[in-house]
Amino acid sequence: MVLPRGQRPVLLLLCLFSLFGCARNKIAQRDYYFRRAQEDARNQKYAAAVIELRNVIQVDPHFAAGYLALGEAERQLGQYDQAAKNLQQSLELDPMQAKAAVALGEIYLITKGFAHARVLANGVLGKDEKNAPARILLGRAYLGENKPAQAQVEFEKATKIDPVNPVIYLALGAAEISLGDPHSAEASFKTALDLDKHRIESHQDLSALYLSMARDADAEQILAQGIRDNPKVQEFYLALSDFYCRVGKFSQADSITDSLKKEAGNSAQLSSELGDFWQAHNEIRRAIAEYQASLSAHDSEGVRKKLVNAHIAAGEAEQAERLNGEILRKSPGDHEAQLFRGAIAYLRGHPQDAVAVLGPEVVKDPASVFGHYYLGAAYLAEGNLDLSQEQFRESLKFNESFADAYIKLAQISLQKGDASGGAEYAQKAITLNPGMLDGYLLAADAAILLRDSSRAESALREAARLAPDNYLVHSRSAAWYASKNDDAHAEGEFQSALETAPKPIGILTLMTRFYLSRGEISKGLEQLNRYISSHGPSPETLELQARLYWAQGAVSQAVDLCQRALAMDSGQLAALVCVGRGFTSQRKYDEAERAYVKAIELSAGQPDAYLLLAGVYFSQGDSTKALETYRQARKVAPDSPEAEAGIARIMADSGQDLDVALGFAEQASRRLPDKIEISDTLAWVYHKKGMDRLAIPILKECLAKDKKNPLVQFDLGTVYLESGERERARPLLQTALAEGLMPAYAASAQAGLASLSR
């Protein structure tokens with residue numbers, strides 16, 4: 001139907017009114033959601049705000065303020081990637097939106113994108129040089145780039161723009177500290193505190209400065225004043241408790257948390273948060289008590305998981321497994337509960353099971369700090385230092401403040417002989433948690449290895465301040481005195497450690513090593529005999545006695561003692577190894593083989609017993625079994641230089657695959673360049689390849705280090721014999737036989753000597 005011409009404008013107006021009505025309805029709907037989101041954000045209900053703001057954007061995809069608010073809410077929830085995307089979208093819709101640029105820059109600060117933050121700040125300042133938030137952002141970016149002088153300039157400009165903003169003075173103080181000017185920093189922090197007595201950071205930063213200046217009383221006073229000014233604010237109580245933990249005053253920390261409970265009321269929520277506080281300070285028993293109190297007041301799966309985690313941290317596998325079993329019965333696929341299951345397997349001494357559980361879970365969640373940490377611990381228990389080191393480093397990618405991971409990395413570095421790395425990691429742990437005893441003990445270990453007596457003494461002094469009667473402090477002090485050849489004080493510290501150690505065998509082991517290093521075998525036996533007479537013999541003490549007798553050359557007595565130890569405990573690995581070595585030295589190869597096979601059963605995942613068993617086969621001339629066992633050792637420890645060298649030696653003896661043998665030998669030599677057996681193998685491969693010019697200098701160097709080594713004597717003698725230097729060969733081959741050359745080569749040495757007589 002065609003409308004009359006006169007009615008057409010009326011219809012057009014009706015359509016326009018309808019469109020305008022729709023637009024008004026959309027704007028009203030958008031603004032309704034936006035107001036609700038702003039209210040949620042003001043009440044710190046950021047998750048709810050995010051839901052409302054997504055509705056805002058759905059209604060109006062071009063609303064720049066909506067993207068800005070959504071990005072800010074997501075930032076509060078720690079959802080930095082998504083927040084950055086929405087803030088960037090806000091900027092694209094409204095390039096003049098300075099607030100979005102600064103908010104995006106602050107995310108870049110968190111993710112260490114300091115250059116990007118600087119560009120954003122300069123972009124805002126190019127349009128408005130008096131924008132204080134952008135000036136602060138620029139200064140903080142400079143601080144992140146380790147340019148404190150430029151940062152200081154920006155912060156001082158910001159104080160002129162906004163002289164009553166305490167945040168600026170806190171940032172200025174941080175720059176002044178970086179410039180080595182603590183007195184100016186003190187003035188800046190005091191200004192921040194005067195401007196806002198209710199800001200926790202103002203108290204914490206000034207207190208931390210005083211603590212770094214050894215002004216403990218002033219540091220304490222600032223935080224105590226914070227509580228008086230803010231008696232209803234939980235963070236101030238926790239800040240003072242944190243200070244007491246840092247200086248080792250745990251009873252005072254308890255007193256402050258008790259005051260908080262009285263002030264705030266002893267709720268399930270508060271108990272859970274106090275559990276988190278104590279867990280962060282490695283005070284696991286206190287954490288467990290708080291989590292249990294929280295669960296008693298209100299059952300919560302989240303708190304239950306925290307309690308499982310705390311029991312795991314305390315090494316309490318049984319309690320952790322019981323609680324975790326309840327979670328798994330309800331949710332068999334629960335990711336956190338599966339991670340706990342893997343950690344519990346590690347605690348129960350089943351590292352292979354732990355790896356089997358934790359490996360797939362970490363693949364599912366690569367950002368799991370807990371998963372990486374316990375996977376690293378399981379690899380470490382298996383003796384795989386490289387894989388464990390990799391996992392601990394992964395855990396730190398997602399939590400740079402994880403002091404326990406630095407402790408493990410320090411231990412691994414020291415095990416690898418990297419004292420400098422051990423010192424660096426120990427110091428990072430100390431910086432993060434000054435109340436962590438292990439950090440100081442490892443710092444002392446590293447300093448002793450580095451022969452840095454001053455640092456060792458300083459670390460031990462701090463350790464003694466934290467735990468004056470701790471046996472570990474006494475044992476490290478003994479090691480320090482021993483490094484200074486102050487044997488009298490070392491012996492005194494060993495005795496103090498022995499009196500306080502819950503399991504004295506560790507201290508007895510250190511004492512035995514001490515006397516072995518001094519060659520004072522009789523003294524060592526006297527100490528062990530005294531202990532055994534009052535406590536009775538144990539498999540461990542008998543094995544320690546065996547070590548001392550072995551050092552005296554009394555192999556039969558050593559073997560007898562180890563057999564007594566095995567009669568008491570057939571799973572005593574050290575005694576089995578001692579028996580195996582004893583039988584090997586007596587050329588009782590069948591008995592040695594049985595001992596090492598049993599040792600392999602007990603130490604699955606460890607290469608040492610495989611290497612010793614391979615050595616038995618090698619000594620007997622059974623190349624097939626020796627090669628197979630060396631390869632088994634490499635399966636367990638792919639980077640084992642001893643296994644690589646063993647394989648190379650057997651290949652060289654056969655004259656086959658000499659290029660492969662050389663690759664193994666060179667790789668083993670790079671890993672352990674100072675080990676005589678490995679250098680000797682490399683030289684032997686060179687000889688077999690006709691490269692005597694390279695072999696002879698290496699063999700001479702090995703012989704200079706160990707003049708009675710029969711295999712080196714044989715190898716150098718053989719090289720001389722086959723290169724025509726017959727008279728130089730004779731004494732070497734004779735000495736090799738006299739020193740007990742293994743049967744596999746004895747016949748060859750005798751044939752060589754016979755050829756010299758013709």
# chains A, B, ... in the order shown; residues from 1 in each chain; ligands from 1

call {"tool": "residues_around", "arguments": {"residues": "range 451-463 of chain A", "least_positions_apart": "6", "cutoff": "7 Å", "atoms": "only C-alpha atoms", "output": "PyMOL selection string"}}
result
chain A and resi 437+440-441+443-444+473+477

call {"tool": "residues_around", "arguments": {"residues": "Ser679 in chain A", "least_positions_apart": "5", "cutoff": "9 Å", "atoms": "only C-alpha atoms", "output": "mmCIF file with N, CA, C and O atoms, in the first residue's frame"}}
result
data_model
loop_
_atom_site.group_PDB
_atom_site.id
_atom_site.type_symbol
_atom_site.label_atom_id
_atom_site.label_comp_id
_atom_site.auth_asym_id
_atom_site.auth_seq_id
_atom_site.Cartn_x
_atom_site.Cartn_y
_atom_site.Cartn_z
ATOM 1 N N ALA A 645 82.557 -42.010 31.012
ATOM 2 C CA ALA A 645 83.955 -42.440 30.933
ATOM 3 C C ALA A 645 84.059 -43.961 30.905
ATOM 4 O O ALA A 645 84.897 -44.527 30.188
ATOM 5 N N ALA A 665 84.249 -39.581 26.176
ATOM 6 C CA ALA A 665 85.389 -39.263 27.034
ATOM 7 C C ALA A 665 85.595 -37.748 27.141
ATOM 8 O O ALA A 665 85.866 -37.220 28.222
ATOM 9 N N GLU A 666 85.465 -37.050 26.010
ATOM 10 C CA GLU A 666 85.658 -35.588 26.037
ATOM 11 C C GLU A 666 84.548 -34.916 26.840
ATOM 12 O O GLU A 666 84.797 -33.966 27.593
ATOM 13 N N ALA A 668 82.817 -36.286 29.314
ATOM 14 C CA ALA A 668 83.059 -36.585 30.729
ATOM 15 C C ALA A 668 84.166 -35.698 31.274
ATOM 16 O O ALA A 668 84.089 -35.200 32.407
ATOM 17 N N SER A 669 85.205 -35.484 30.464
ATOM 18 C CA SER A 669 86.336 -34.657 30.906
ATOM 19 C C SER A 669 85.919 -33.203 31.100
ATOM 20 O O SER A 669 86.400 -32.530 32.015
ATOM 21 N N LEU A 672 84.037 -33.228 34.513
ATOM 22 C CA LEU A 672 84.915 -33.431 35.669
ATOM 23 C C LEU A 672 86.373 -33.393 35.202
ATOM 24 O O LEU A 672 87.029 -34.421 35.094
ATOM 25 N N PRO A 673 86.885 -32.194 34.944
ATOM 26 C CA PRO A 673 88.230 -32.086 34.354
ATOM 27 C C PRO A 673 89.361 -32.502 35.283
ATOM 28 O O PRO A 673 90.458 -32.791 34.815
ATOM 29 N N ASP A 674 89.095 -32.536 36.590
ATOM 30 C CA ASP A 674 90.179 -32.817 37.541
ATOM 31 C C ASP A 674 90.175 -34.257 38.054
ATOM 32 O O ASP A 674 91.003 -34.604 38.903
ATOM 33 N N TRP A 684 93.493 -42.670 27.141
ATOM 34 C CA TRP A 684 93.468 -44.033 26.591
ATOM 35 C C TRP A 684 92.750 -44.060 25.235
ATOM 36 O O TRP A 684 93.187 -44.740 24.298
ATOM 37 N N ILE A 698 98.710 -36.051 29.109
ATOM 38 C CA ILE A 698 97.605 -36.249 30.061
ATOM 39 C C ILE A 698 97.964 -37.350 31.055
ATOM 40 O O ILE A 698 97.762 -37.212 32.268
ATOM 41 N N LEU A 699 98.536 -38.459 30.548
ATOM 42 C CA LEU A 699 98.903 -39.571 31.432
ATOM 43 C C LEU A 699 100.002 -39.169 32.403
ATOM 44 O O LEU A 699 99.987 -39.572 33.573
ATOM 45 N N CYS A 702 98.343 -37.202 35.137
ATOM 46 C CA CYS A 702 97.610 -38.102 36.037
ATOM 47 C C CYS A 702 98.578 -38.799 36.988
ATOM 48 O O CYS A 702 98.303 -38.936 38.183
#

call {"tool": "residues_around", "arguments": {"residues": "Ser259 in chain A", "least_positions_apart": "5", "cutoff": "10 Å", "atoms": "only C-alpha atoms", "output": "list in words"}}
result
Pro231, Tyr237, Ala253, Asp254, Ala264 and Gly265 of chain A

call {"tool": "write_last_selection", "arguments": {"atoms": "C-alpha atoms", "output": "short mmCIF file (atom, residue, chain, number, x, y, z; two decimals), in the first residue's frame"}}
result
data_model
loop_
_atom_site.label_atom_id
_atom_site.label_comp_id
_atom_site.auth_asym_id
_atom_site.auth_seq_id
_atom_site.Cartn_x
_atom_site.Cartn_y
_atom_site.Cartn_z
CA PRO A 231 43.70 0.08 66.31
CA TYR A 237 49.29 -5.66 63.65
CA ALA A 253 55.04 -11.64 67.39
CA ASP A 254 52.65 -14.06 69.11
CA ALA A 264 39.05 -7.97 65.81
CA GLY A 265 37.37 -11.02 67.30
#

call {"tool": "residues_around", "arguments": {"residues": "Met651 in chain A", "least_positions_apart": "2", "cutoff": "10 Å", "atoms": "only C-alpha atoms", "output": "PyMOL selection string"}}
result
chain A and resi 623+627+645-649+653-662+664+685+688

call {"tool": "closest_residue", "arguments": {"among": "A:Phe250, A:Tyr471, A:Phe514, A:Tyr373", "to": "Asp486 in chain A", "atoms": "only C-alpha atoms"}}
result
A:Phe514

call {"tool": "residues_around", "arguments": {"residues": "Leu732 in chain A", "least_positions_apart": "4", "cutoff": "9 Å", "atoms": "only C-alpha atoms", "output": "JSON, numbers by chain"}}
result
{"A": [710, 712, 713, 714, 715, 716, 717, 718, 728, 736, 737]}

call {"tool": "write_last_selection", "arguments": {"atoms": "N, CA and C atoms", "output": "short mmCIF file (atom, residue, chain, number, x, y, z; two decimals), in the first residue's frame"}}
result
data_model
loop_
_atom_site.label_atom_id
_atom_site.label_comp_id
_atom_site.auth_asym_id
_atom_site.auth_seq_id
_atom_site.Cartn_x
_atom_site.Cartn_y
_atom_site.Cartn_z
N PRO A 710 97.60 -47.96 39.66
CA PRO A 710 98.06 -49.03 38.77
C PRO A 710 97.56 -48.90 37.34
N VAL A 712 96.81 -46.09 35.64
CA VAL A 712 97.57 -45.04 34.95
C VAL A 712 98.96 -45.55 34.61
N GLN A 713 99.58 -46.26 35.56
CA GLN A 713 100.90 -46.85 35.31
C GLN A 713 100.83 -47.77 34.09
N PHE A 714 99.80 -48.61 34.05
CA PHE A 714 99.65 -49.54 32.93
C PHE A 714 99.45 -48.80 31.61
N ASP A 715 98.53 -47.79 31.63
CA ASP A 715 98.22 -47.08 30.39
C ASP A 715 99.45 -46.38 29.82
N LEU A 716 100.19 -45.65 30.68
CA LEU A 716 101.37 -44.93 30.19
C LEU A 716 102.44 -45.92 29.74
N GLY A 717 102.60 -47.00 30.51
CA GLY A 717 103.58 -48.02 30.13
C GLY A 717 103.24 -48.63 28.78
N THR A 718 101.95 -48.90 28.56
CA THR A 718 101.52 -49.49 27.29
C THR A 718 101.75 -48.53 26.13
N ARG A 728 111.32 -47.10 28.87
CA ARG A 728 110.44 -46.26 29.69
C ARG A 728 109.19 -47.04 30.09
N ALA A 736 102.75 -51.17 37.97
CA ALA A 736 101.30 -51.42 37.83
C ALA A 736 100.94 -52.78 38.40
N LEU A 737 101.72 -53.79 38.07
CA LEU A 737 101.46 -55.13 38.60
C LEU A 737 101.67 -55.18 40.11
#

call {"tool": "atom_distance", "arguments": {"atom1": "CA of Arg118 in chain A", "atom2": "CA of Phe155 in chain A"}}
result
13.8 Å

call {"tool": "closest_residue", "arguments": {"among": "A:Gly435, A:Gly752, A:Pro504, A:Pro95", "to": "Leu733 in chain A", "atoms": "only C-alpha atoms"}}
result
A:Gly752

call {"tool": "closest_residue", "arguments": {"among": "A:Asp445, A:Ala83, A:Ala158, A:Leu209", "to": "Leu414 in chain A", "atoms": "only C-alpha atoms"}}
result
A:Asp445

call {"tool": "atom_distance", "arguments": {"atom1": "CA of Ala558 in chain A", "atom2": "CA of Ala575 in chain A"}}
result
9.5 Å
